[in-house]
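*Asks:* Provided herewith: data24.cif, mmCIF, C-alpha atoms.
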```cif
data_entry
#
loop_
_atom_site.label_atom_id
_atom_site.label_comp_id
_atom_site.auth_asym_id
_atom_site.auth_seq_id
_atom_site.Cartn_x
_atom_site.Cartn_y
_atom_site.Cartn_z
CA MET A 1 48.61 57.69 -0.15
CA ARG A 2 48.34 55.73 3.06
CA PRO A 3 45.18 56.46 5.06
CA SER A 4 45.50 57.88 8.52
CA PRO A 5 44.99 55.43 11.42
CA HIS A 6 41.69 57.13 12.22
CA ARG A 7 40.42 56.71 8.65
CA ALA A 8 41.55 53.05 8.56
CA ARG A 9 39.69 52.28 11.78
CA SER A 10 36.57 53.95 10.34
CA ALA A 11 36.76 51.80 7.19
CA ARG A 12 37.13 48.63 9.28
CA GLY A 13 34.19 49.73 11.40
CA LEU A 14 31.98 50.27 8.35
CA PHE A 15 32.96 46.86 6.93
CA GLY A 16 32.21 45.16 10.24
CA ALA A 17 28.82 46.85 10.51
CA LEU A 18 27.98 45.80 6.94
CA LEU A 19 29.03 42.20 7.63
CA THR A 20 26.90 42.12 10.79
CA ALA A 21 23.94 43.47 8.87
CA LEU A 22 24.36 40.82 6.15
CA VAL A 23 24.56 38.02 8.73
CA SER A 24 21.43 39.34 10.43
CA LEU A 25 19.62 39.53 7.08
CA ALA A 26 20.64 35.96 6.25
CA ALA A 27 19.36 34.80 9.64
CA LEU A 28 16.07 36.56 9.05
CA LEU A 29 15.71 35.02 5.58
CA THR A 30 16.52 31.57 6.98
CA ALA A 31 13.98 31.98 9.76
CA ALA A 32 11.37 33.13 7.24
CA SER A 33 12.15 30.13 5.04
CA VAL A 34 11.77 27.71 7.97
CA ALA A 35 8.55 29.39 9.05
CA GLN A 36 7.21 29.07 5.52
CA ALA A 37 8.26 25.39 5.27
CA ASP A 38 6.67 24.40 8.59
CA THR A 39 2.91 24.82 8.25
CA THR A 40 0.64 24.00 11.19
CA LEU A 41 -2.85 22.68 10.46
CA CYS A 42 -5.48 22.73 13.21
CA GLU A 43 -8.62 22.84 11.05
CA GLN A 44 -10.63 19.60 11.21
CA PHE A 45 -9.86 18.61 7.62
CA GLY A 46 -7.09 21.12 6.90
CA SER A 47 -4.50 20.14 4.29
CA THR A 48 -1.40 21.46 2.58
CA THR A 49 1.28 20.24 0.17
CA ILE A 50 4.90 19.27 0.80
CA GLN A 51 7.68 18.57 -1.71
CA GLY A 52 5.28 19.74 -4.40
CA ARG A 53 3.86 16.22 -4.66
CA TYR A 54 2.27 14.97 -1.41
CA VAL A 55 -0.75 16.22 0.56
CA VAL A 56 -0.58 16.41 4.37
CA GLN A 57 -4.01 16.28 6.04
CA ASN A 58 -5.11 16.81 9.65
CA ASN A 59 -8.14 14.56 9.05
CA ARG A 60 -9.76 14.77 12.51
CA TRP A 61 -13.06 12.97 12.03
CA GLY A 62 -13.77 11.01 15.24
CA THR A 63 -13.62 13.69 17.96
CA SER A 64 -14.38 17.34 18.62
CA GLN A 65 -11.18 17.74 20.65
CA ALA A 66 -8.36 19.84 19.22
CA GLN A 67 -5.70 18.28 17.00
CA CYS A 68 -2.87 19.99 15.11
CA VAL A 69 -0.19 18.69 12.76
CA THR A 70 2.90 20.56 11.62
CA THR A 71 4.54 19.80 8.30
CA THR A 72 8.24 19.27 7.77
CA ASP A 73 10.25 19.12 4.55
CA SER A 74 9.83 15.35 4.43
CA GLY A 75 6.68 14.57 6.46
CA PHE A 76 4.73 15.84 9.46
CA ARG A 77 4.43 15.57 13.23
CA ILE A 78 1.39 15.72 15.51
CA THR A 79 1.88 18.79 17.69
CA ARG A 80 -1.43 18.66 19.56
CA ALA A 81 -3.78 15.74 20.19
CA ASP A 82 -6.28 16.45 22.96
CA GLY A 83 -8.68 13.98 24.51
CA SER A 84 -9.37 10.30 24.01
CA VAL A 85 -12.01 7.91 22.69
CA PRO A 86 -12.83 4.33 23.79
CA THR A 87 -10.33 1.78 22.47
CA THR A 88 -13.20 -0.57 21.65
CA GLY A 89 -14.36 1.73 18.85
CA ALA A 90 -12.95 3.79 16.02
CA PRO A 91 -9.91 6.08 16.50
CA LYS A 92 -10.02 9.86 16.85
CA SER A 93 -8.54 10.67 13.47
CA TYR A 94 -6.10 9.72 10.74
CA PRO A 95 -3.51 12.51 10.39
CA SER A 96 -1.53 11.47 7.34
CA LEU A 97 0.04 12.36 4.03
CA PHE A 98 -0.73 10.80 0.68
CA ASN A 99 -0.06 10.30 -3.00
CA GLY A 100 -3.28 10.05 -5.00
CA CYS A 101 -6.81 11.30 -4.40
CA HIS A 102 -8.76 11.52 -1.15
CA TYR A 103 -12.25 13.06 -0.99
CA THR A 104 -11.63 15.16 -4.17
CA ASP A 105 -8.23 16.36 -2.88
CA CYS A 106 -5.60 15.03 -5.31
CA SER A 107 -1.86 15.38 -4.79
CA PRO A 108 0.02 17.42 -7.41
CA GLY A 109 1.21 15.45 -10.43
CA THR A 110 -0.21 12.12 -9.26
CA ASN A 111 -1.02 9.44 -11.84
CA LEU A 112 -3.63 7.91 -9.55
CA PRO A 113 -6.21 6.50 -9.90
CA ALA A 114 -4.53 3.79 -12.00
CA ARG A 115 -5.90 0.40 -13.03
CA LEU A 116 -4.10 -2.39 -11.18
CA SER A 117 -3.53 -4.34 -14.40
CA THR A 118 -1.47 -1.43 -15.80
CA ILE A 119 0.84 -1.00 -12.79
CA ALA A 120 4.26 -2.59 -13.18
CA GLY A 121 5.28 -1.63 -9.64
CA SER A 122 4.73 0.93 -6.92
CA PRO A 123 7.96 1.45 -4.94
CA THR A 124 7.52 3.23 -1.64
CA SER A 125 9.38 4.03 1.56
CA VAL A 126 8.30 5.45 4.90
CA SER A 127 9.81 6.10 8.32
CA TYR A 128 8.02 6.78 11.61
CA SER A 129 8.89 8.31 14.97
CA TYR A 130 6.93 6.87 17.91
CA VAL A 131 5.96 7.93 21.44
CA SER A 132 5.04 5.83 24.48
CA ASN A 133 2.44 8.02 26.20
CA ALA A 134 -0.36 7.37 23.72
CA VAL A 135 -2.64 4.65 22.35
CA TYR A 136 -2.42 4.43 18.56
CA ASP A 137 -1.43 2.48 15.47
CA ALA A 138 0.99 3.59 12.78
CA ALA A 139 -0.91 2.76 9.60
CA TYR A 140 0.07 2.72 5.95
CA ASP A 141 -3.13 2.78 3.86
CA ILE A 142 -3.73 1.53 0.31
CA TRP A 143 -7.16 2.25 -1.22
CA LEU A 144 -8.75 0.23 -4.05
CA ASP A 145 -12.02 0.71 -5.94
CA PRO A 146 -13.80 -0.83 -8.96
CA THR A 147 -13.98 2.68 -10.50
CA PRO A 148 -11.40 5.48 -10.86
CA ARG A 149 -13.15 7.59 -8.26
CA THR A 150 -11.44 10.55 -6.65
CA ASP A 151 -14.06 11.22 -3.96
CA GLY A 152 -15.69 9.42 -1.07
CA VAL A 153 -15.01 5.98 0.36
CA ASN A 154 -13.41 3.28 -1.77
CA ARG A 155 -14.53 -0.35 -1.78
CA THR A 156 -11.43 -1.92 -0.18
CA GLU A 157 -8.92 -0.50 2.28
CA ILE A 158 -5.60 -2.27 2.83
CA MET A 159 -3.94 -1.28 6.10
CA ILE A 160 -0.35 -2.09 7.06
CA TRP A 161 0.15 -1.60 10.79
CA PHE A 162 3.84 -0.79 11.31
CA ASN A 163 3.25 -0.45 15.05
CA LYS A 164 0.49 -0.47 17.65
CA VAL A 165 0.54 0.69 21.25
CA GLY A 166 -2.30 -0.10 23.68
CA PRO A 167 -5.34 -2.40 23.60
CA VAL A 168 -6.43 -1.73 20.01
CA GLN A 169 -7.00 -4.10 17.12
CA PRO A 170 -7.91 -3.91 13.44
CA VAL A 171 -11.40 -4.16 11.96
CA GLY A 172 -12.78 -7.71 11.85
CA SER A 173 -10.84 -10.73 13.06
CA GLN A 174 -7.55 -12.44 12.41
CA VAL A 175 -7.94 -14.89 9.52
CA ALA A 176 -4.36 -15.97 8.82
CA THR A 177 -0.67 -15.33 9.09
CA ALA A 178 1.22 -14.62 5.89
CA SER A 179 4.58 -13.65 4.46
CA VAL A 180 4.28 -10.56 2.27
CA ALA A 181 7.18 -8.60 0.76
CA GLY A 182 9.65 -10.59 2.82
CA ARG A 183 8.01 -10.00 6.23
CA GLN A 184 5.65 -12.01 8.43
CA TRP A 185 2.23 -10.54 9.26
CA GLN A 186 -0.95 -11.25 11.15
CA VAL A 187 -3.77 -10.93 8.59
CA TRP A 188 -7.10 -9.44 9.69
CA SER A 189 -10.22 -9.09 7.56
CA GLY A 190 -13.54 -7.37 8.15
CA ASN A 191 -15.91 -4.58 7.17
CA ASN A 192 -16.35 -1.27 9.00
CA GLY A 193 -19.82 -0.61 7.61
CA SER A 194 -18.54 1.50 4.73
CA ASN A 195 -15.85 -0.64 3.10
CA ASP A 196 -13.93 -3.91 3.36
CA VAL A 197 -10.72 -3.73 5.38
CA LEU A 198 -7.73 -6.05 4.97
CA THR A 199 -5.08 -5.39 7.63
CA PHE A 200 -1.51 -6.68 7.95
CA VAL A 201 -0.18 -6.31 11.50
CA ALA A 202 3.56 -6.44 12.18
CA PRO A 203 4.46 -8.69 15.14
CA SER A 204 6.87 -5.99 16.38
CA ALA A 205 7.33 -2.31 15.59
CA ILE A 206 8.83 -1.30 12.24
CA SER A 207 10.42 2.16 12.22
CA ALA A 208 11.31 2.35 8.52
CA TRP A 209 10.81 0.16 5.45
CA ASN A 210 11.07 0.14 1.64
CA PHE A 211 8.62 -2.12 -0.22
CA ASP A 212 6.31 -2.44 -3.23
CA VAL A 213 2.66 -1.50 -2.72
CA MET A 214 1.67 -4.01 -5.39
CA ASP A 215 2.68 -6.95 -3.18
CA PHE A 216 -0.18 -5.98 -0.88
CA ALA A 217 -2.56 -5.16 -3.74
CA ARG A 218 -2.02 -8.69 -5.06
CA GLN A 219 -2.90 -10.03 -1.62
CA ALA A 220 -6.26 -8.26 -1.80
CA VAL A 221 -6.86 -9.75 -5.26
CA SER A 222 -5.87 -13.26 -4.16
CA ARG A 223 -8.22 -13.04 -1.15
CA GLY A 224 -11.21 -11.96 -3.26
CA LEU A 225 -11.30 -8.36 -1.95
CA ALA A 226 -10.30 -6.76 -5.28
CA GLN A 227 -9.84 -7.58 -8.95
CA ASN A 228 -7.03 -6.71 -11.34
CA SER A 229 -9.51 -4.51 -13.24
CA TRP A 230 -9.93 -2.31 -10.14
CA TYR A 231 -8.09 0.96 -9.49
CA LEU A 232 -5.45 2.01 -7.01
CA THR A 233 -6.70 5.43 -5.88
CA SER A 234 -4.56 6.52 -2.93
CA ILE A 235 -1.42 5.61 -0.96
CA GLN A 236 -1.23 7.09 2.55
CA ALA A 237 0.91 7.00 5.69
CA GLY A 238 -0.06 8.27 9.14
CA PHE A 239 -1.45 7.43 12.56
CA GLU A 240 -4.75 6.39 14.11
CA PRO A 241 -4.69 7.74 17.70
CA TRP A 242 -7.23 6.75 20.36
CA GLN A 243 -5.55 8.53 23.28
CA ASN A 244 -3.17 11.51 23.10
CA GLY A 245 -0.67 11.24 20.21
CA ALA A 246 1.36 14.46 20.36
CA GLY A 247 4.90 13.80 19.14
CA LEU A 248 4.06 11.04 16.67
CA ALA A 249 5.64 11.77 13.30
CA VAL A 250 6.06 10.50 9.77
CA THR A 251 9.67 11.56 9.28
CA SER A 252 9.96 10.60 5.61
CA PHE A 253 7.67 9.38 2.83
CA PHE A 254 8.16 8.40 -0.79
CA SER A 255 5.60 6.97 -3.20
CA THR A 256 5.55 6.44 -6.93
CA VAL A 257 3.41 4.36 -9.28
CA ASN A 258 4.95 2.91 -12.45
CA THR A 259 2.22 2.34 -15.01
CA GLY A 260 2.41 0.66 -18.40
CA GLY A 261 3.11 -2.78 -16.96
CA SER A 262 0.92 -5.63 -15.84
CA LEU A 263 -0.31 -7.10 -12.60
CA ALA A 264 0.63 -10.52 -13.96
CA ALA A 265 3.15 -12.02 -11.56
CA CYS A 266 2.83 -15.64 -12.69
CA THR A 267 3.53 -17.84 -15.68
CA VAL A 268 1.93 -21.09 -16.81
CA ALA A 269 3.55 -23.87 -18.79
CA TYR A 270 0.86 -26.10 -20.40
CA ALA A 271 2.26 -29.32 -21.91
CA THR A 272 -0.05 -31.89 -23.55
CA ASN A 273 0.00 -35.40 -24.94
CA THR A 274 -2.84 -36.23 -27.33
CA TRP A 275 -4.32 -39.23 -29.10
CA GLN A 276 -7.51 -39.73 -31.07
CA GLY A 277 -10.30 -38.36 -28.86
CA GLY A 278 -8.22 -38.06 -25.68
CA PHE A 279 -5.39 -36.10 -24.07
CA THR A 280 -3.42 -35.41 -20.88
CA ALA A 281 -2.22 -31.99 -19.74
CA ASP A 282 0.68 -31.24 -17.37
CA VAL A 283 0.44 -27.73 -15.94
CA THR A 284 3.25 -25.87 -14.11
CA VAL A 285 2.43 -22.60 -12.37
CA THR A 286 5.28 -20.27 -11.38
CA ASN A 287 4.86 -17.43 -8.88
CA SER A 288 7.17 -14.61 -10.02
CA ALA A 289 6.06 -12.14 -7.31
CA SER A 290 8.10 -11.31 -4.21
CA SER A 291 5.40 -12.61 -1.84
CA PRO A 292 3.75 -16.05 -1.61
CA VAL A 293 0.38 -16.89 -3.14
CA ASP A 294 -1.85 -18.41 -0.47
CA SER A 295 -4.75 -20.80 -1.22
CA TRP A 296 -3.82 -20.74 -4.90
CA LYS A 297 -6.48 -21.18 -7.58
CA LEU A 298 -5.74 -21.29 -11.30
CA GLY A 299 -8.63 -20.36 -13.57
CA PHE A 300 -8.86 -21.11 -17.31
CA SER A 301 -11.42 -22.02 -19.97
CA LEU A 302 -11.33 -25.37 -21.74
CA PRO A 303 -11.93 -25.12 -25.50
CA ALA A 304 -15.33 -26.29 -26.73
CA GLY A 305 -15.75 -30.06 -26.85
CA GLN A 306 -13.18 -30.83 -24.13
CA GLN A 307 -14.14 -32.59 -20.89
CA ILE A 308 -11.98 -33.54 -17.90
CA THR A 309 -12.24 -37.15 -16.74
CA GLY A 310 -9.64 -37.12 -13.93
CA SER A 311 -6.88 -35.05 -12.31
CA TRP A 312 -3.84 -35.31 -10.00
CA ASN A 313 -2.12 -32.93 -7.55
CA ALA A 314 -5.10 -30.56 -7.77
CA ASP A 315 -8.87 -30.48 -7.69
CA VAL A 316 -10.05 -29.32 -11.13
CA SER A 317 -13.75 -28.51 -11.52
CA PRO A 318 -16.18 -28.39 -13.17
CA SER A 319 -15.35 -30.88 -15.89
CA SER A 320 -15.89 -28.49 -18.83
CA GLY A 321 -16.17 -24.81 -19.71
CA THR A 322 -14.54 -22.34 -17.30
CA VAL A 323 -12.69 -24.44 -14.73
CA THR A 324 -10.66 -23.80 -11.59
CA ALA A 325 -7.72 -25.86 -10.34
CA SER A 326 -7.22 -25.64 -6.56
CA GLY A 327 -4.23 -26.85 -4.60
CA PRO A 328 -4.64 -29.90 -2.33
CA PRO A 329 -4.63 -29.35 1.47
CA TYR A 330 -0.92 -30.17 1.70
CA ASP A 331 0.13 -27.79 -1.10
CA THR A 332 -1.97 -24.60 -0.95
CA GLN A 333 0.85 -22.02 -1.11
CA ILE A 334 3.23 -21.05 -3.90
CA ALA A 335 6.38 -19.46 -2.48
CA PRO A 336 8.00 -16.43 -4.16
CA GLY A 337 9.76 -17.79 -7.23
CA GLY A 338 8.25 -21.21 -6.52
CA GLN A 339 6.21 -23.60 -8.65
CA VAL A 340 3.37 -26.09 -8.39
CA THR A 341 2.60 -28.78 -10.94
CA PHE A 342 -0.63 -30.64 -11.53
CA GLY A 343 -2.27 -32.50 -14.37
CA PHE A 344 -5.48 -33.90 -15.74
CA GLN A 345 -6.84 -36.27 -18.37
CA GLY A 346 -9.71 -35.53 -20.71
CA THR A 347 -11.51 -36.10 -23.96
CA TYR A 348 -12.05 -33.84 -26.98
CA GLY A 349 -14.29 -33.71 -30.02
CA ASP A 350 -13.44 -32.71 -33.61
CA GLY A 351 -10.08 -31.02 -32.98
CA PHE A 352 -7.70 -30.37 -30.11
CA ALA A 353 -6.72 -26.90 -28.85
CA LYS A 354 -5.07 -25.43 -25.75
CA PRO A 355 -6.60 -22.81 -23.41
CA ASP A 356 -5.67 -19.21 -24.27
CA ASP A 357 -5.74 -17.41 -20.89
CA PHE A 358 -4.89 -18.31 -17.31
CA SER A 359 -5.34 -16.38 -14.06
CA LEU A 360 -3.88 -17.07 -10.64
CA ASN A 361 -6.20 -15.95 -7.84
CA GLY A 362 -7.71 -13.42 -10.25
CA ALA A 363 -4.42 -12.04 -11.65
CA PRO A 364 -3.58 -12.81 -15.30
CA CYS A 365 -0.61 -15.09 -16.00
CA GLY A 366 1.79 -15.22 -18.89
CA VAL A 367 1.92 -18.44 -20.91
CA THR A 368 5.20 -20.15 -21.82
#
```
When written as structure tokens, how does the structure in this file appear?
*Replies:*
Amino acid sequence: MRPSPHRARSARGLFGALLTALVSLAALLTAASVAQADTTLCEQFGSTTIQGRYVVQNNRWGTSQAQCVTTTDSGFRITRADGSVPTTGAPKSYPSLFNGCHYTDCSPGTNLPARLSTIAGSPTSVSYSYVSNAVYDAAYDIWLDPTPRTDGVNRTEIMIWFNKVGPVQPVGSQVATASVAGRQWQVWSGNNGSNDVLTFVAPSAISAWNFDVMDFARQAVSRGLAQNSWYLTSIQAGFEPWQNGAGLAVTSFFSTVNTGGSLAACTVAYATNTWQGGFTADVTVTNSASSPVDSWKLGFSLPAGQQITGSWNADVSPSSGTVTASGPPYDTQIAPGGQVTFGFQGTYGDGFAKPDDFSLNGAPCGVT
């Protein structure tokens, strides 16, 4: 039976009302979801988790003025940053997010701390959004310590300044320029009274970049600010504001640490020619890392009874026991994938043997 026109209109009206109600409910659920995803932190050391794996922290430690950060699905933005502090001193804060452990707060599922010698690689990516009406640096932090500590201040802090605005500078003084992970950097070194700080400053602003954290960890080892037996404890990205800062944002962040490998990023070929009581050794060192090795030093132990009487293309000292070969002034850097070759002559006692272990600027090398 066909419905009457009045009944048909009523049915269409009920369907329309139901559809409107469903759309309104969906909008409410979406709004609730967004409100739940975007958490605002104004507490001095307030923190929360995003993506189920990274911790976002307000981390306001250098001022009593208000500061708030609001999380996003992939990072955070500074939504309030009152006041200023002198640019000749420390910044106001370090709002940031991290993988690892920071003052007993560990990110979910992290495998940090991890011994450097067990890390095959640590791929990471980060992107920033900048503002012009503030004084700040955009800093990527890597923390290293002799122990697997999850609290307090670590021994060495590596900072990568993606950008800086205003008259601010890193801790210490500039000690070099270097190419690391395919980019050029100003290298600063110093101590802030609590820990050593090694800072790499980009000559111009970087908005986004993918790289390997271990390239910078190896720099700390090669410069004597860490050892391959130390631990990587935390990987962080954020901002150090001195004045204002509202609107600054980390728009995306990814960090992982692949353990089960080795920090070794070098190989040594050790070829010898021997005769009764004497020998020569030709040594080739290959840098298999993606960044150069500056001021290279190869350490190894001569077997008992061996003594060096002369060398070429390197200074090798002392003449026996645990020795170090250092590059000459004209050849102090090993480029990524590059090699250096040196040699020496010596004497031996009852029997001849080759050294077992080699290390390049503190990092173990494979032997071919």
*Asks:* What would the selection look like, as number ranges by chain, if the PyMOL selection byres ((chain A and resi 153) around 8) were run on the coordinates I just shared?
*Replies:* A: 103, 151-152, 154-155, 194-195
*Asks:* Evaluated on this file, the PyMOL selection byres ((chain A and resi 165) around 9) picks out some residues - which ones are they, written as a PyMOL selection string?
*Replies:* chain A and resi 132+134-138+163-164+166-168
*Asks:* My list of candidates is A:Phe352, A:Phe211, A:Phe254, A:Phe279. Which is closest to Gln236 of chain A when distances are computed with all atoms listed in the file?
*Replies:* A:Phe254
*Asks:* Ranking A:Thr49, A:Gln57, A:Thr341, A:Thr284 by minimum distance to Ser93 of chain A and counting all atoms listed in the file, which one comes first?
*Replies:* A:Gln57
*Asks:* Select, from A:Val285, A:Ala220, A:Met214, A:Leu97, the residue with the minimum atom-to-atom distance to Tyr54 of chain A, counting all atoms listed in the file.
*Replies:*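 Of A:Val285, A:Ala220, A:Met214, A:Leu97, the one nearest Tyr54 of chain A, counting all atoms listed in the file, is A:Leu97.
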*Asks:* Using only C-alpha atoms, collect all residues at a distance of at most 12 Å from (1.8, -3.2, -11.3) as written in the file, then present them as a ChimeraX atom specification.
*Replies:* /A:114-123,212-218,228-232,256-265,289,363-364
*Asks:* Just give me the gap between atom CA of Ala325 of chain A and atom CA of Gly190 of chain A in Å, one decimal is fine.
*Replies:*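 Pair atom CA of Ala325 of chain A / atom CA of Gly190 of chain A returns 26.8 Å.
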*Asks:* Compile the contact shell of Thr156 of chain A as an MDAnalysis selection string: residues with an atom at most 7 Å away, counting all atoms listed in the file, same-chain residues fewer than 2 positions apart removed.
*Replies:* chainID A and resid 143:145 154 158 195:197 225
*Asks:* Once the PyMOL selection byres ((chain A and resi 43) around 12) is applied to the coordinates I shared, what remains selected? I want it as a ChimeraX atom specification.
*Replies:* /A:40-42,44-48,57-61,64-70,80,95
*Asks:* Give me, as a list in words, all polymer residues having an atom no more than 6 Å from Ser189 of chain A, counting all atoms listed in the file and skipping those fewer than 4 positions away in the same chain.
*Replies:*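 So, after excluding close chain neighbours, the residues are Gly172, Ser173, Val197 and Leu198 of chain A.
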*Asks:* How far is it from atom CA of Pro91 of chain A to atom CA of Gln184 of chain A, in Å with one decimal?
*Replies:* 25.2 Å
*Asks:* Can you tell me, as number ranges by chain, what residues are no more than 12 Å from Gly351 of chain A when counting all atoms listed in the file, ignoring any on the same chain fewer than 6 positions away?
*Replies:* A: 274-279, 303-306
*Asks:* Take atom CA of Ser288 of chain A and atom CA of Gly366 of chain A and report the distance between them in Å, one decimal.
*Replies:*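 For atom CA of Ser288 of chain A relative to atom CA of Gly366 of chain A, the distance reads 10.4 Å.
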*Asks:* Find the axis-aligned box for segment 333-342 of chain A, covering all its listed atoms and adding 5 Å on each side, and write its centre and edge lengths in Å to one decimal as AutoDock Vina command-line options.
*Replies:*
```
--center_x 4.6 --center_y -23.5 --center_z -6.3 --size_x 20.4 --size_y 24.2 --size_z 20.4
```
*Asks:* Env of Lys354 of chain A: 9 Å cut, atoms = all atoms listed in the file, seq-sep filter 6 positions within chain, self excluded. Answer as a PyMOL selection string.
*Replies:* chain A and resi 270+272+302-303
*Asks:* Kindly indicate which residue among A:Thr150, A:Asn361, A:Gln307, A:Ser295 lies nearest to Thr332 of chain A, using only C-alpha atoms for the distances.
*Replies:*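 Checking each candidate against Thr332 of chain A, we get A:Ser295 as the closest.
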*Asks:* Of the candidates A:Asp105, A:Asp141, A:Asp331, A:Asp82, which shows the shortest atom-to-atom distance to Ser255 of chain A, using only C-alpha atoms?
*Replies:*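 Ranked by minimum distance to Ser255 of chain A, first place goes to A:Asp141.
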*Asks:* Please determine, counting all atoms listed in the file, which residue among A:Ile206, A:Ile160, A:Val85, A:Ile235 has the shortest atom-to-atom distance to Ser127 of chain A.
*Replies:* A:Ile206
*Asks:* Could you pull the residues within 10 Å of Thr280 of chain A, counting all atoms listed in the file, minus those fewer than 5 positions along the same chain, as a PDB file with C-alpha atoms, in the frame of the given file?
*Replies:*
```pdb
ATOM      1  CA  ALA A 271       2.260 -29.320 -21.910  1.00  0.00           C
ATOM      2  CA  THR A 272      -0.050 -31.890 -23.550  1.00  0.00           C
ATOM      3  CA  ASN A 273       0.000 -35.400 -24.940  1.00  0.00           C
ATOM      4  CA  THR A 274      -2.840 -36.230 -27.330  1.00  0.00           C
ATOM      5  CA  TRP A 275      -4.320 -39.230 -29.100  1.00  0.00           C
ATOM      6  CA  ILE A 308     -11.980 -33.540 -17.900  1.00  0.00           C
ATOM      7  CA  THR A 309     -12.240 -37.150 -16.740  1.00  0.00           C
ATOM      8  CA  GLY A 310      -9.640 -37.120 -13.930  1.00  0.00           C
ATOM      9  CA  SER A 311      -6.880 -35.050 -12.310  1.00  0.00           C
ATOM     10  CA  GLY A 343      -2.270 -32.500 -14.370  1.00  0.00           C
ATOM     11  CA  PHE A 344      -5.480 -33.900 -15.740  1.00  0.00           C
ATOM     12  CA  GLN A 345      -6.840 -36.270 -18.370  1.00  0.00           C
ATOM     13  CA  GLY A 346      -9.710 -35.530 -20.710  1.00  0.00           C
ATOM     14  CA  THR A 347     -11.510 -36.100 -23.960  1.00  0.00           C
TER      15      THR A 347
END
```
*Asks:* If I put a ball of radius 9 Å at (-5.3, -13.8, 8.9) in the file's coordinates, which residues poke into it when counting all atoms listed in the file, written as a PyMOL selection string?
*Replies:* chain A and resi 173-178+185-189+199-200
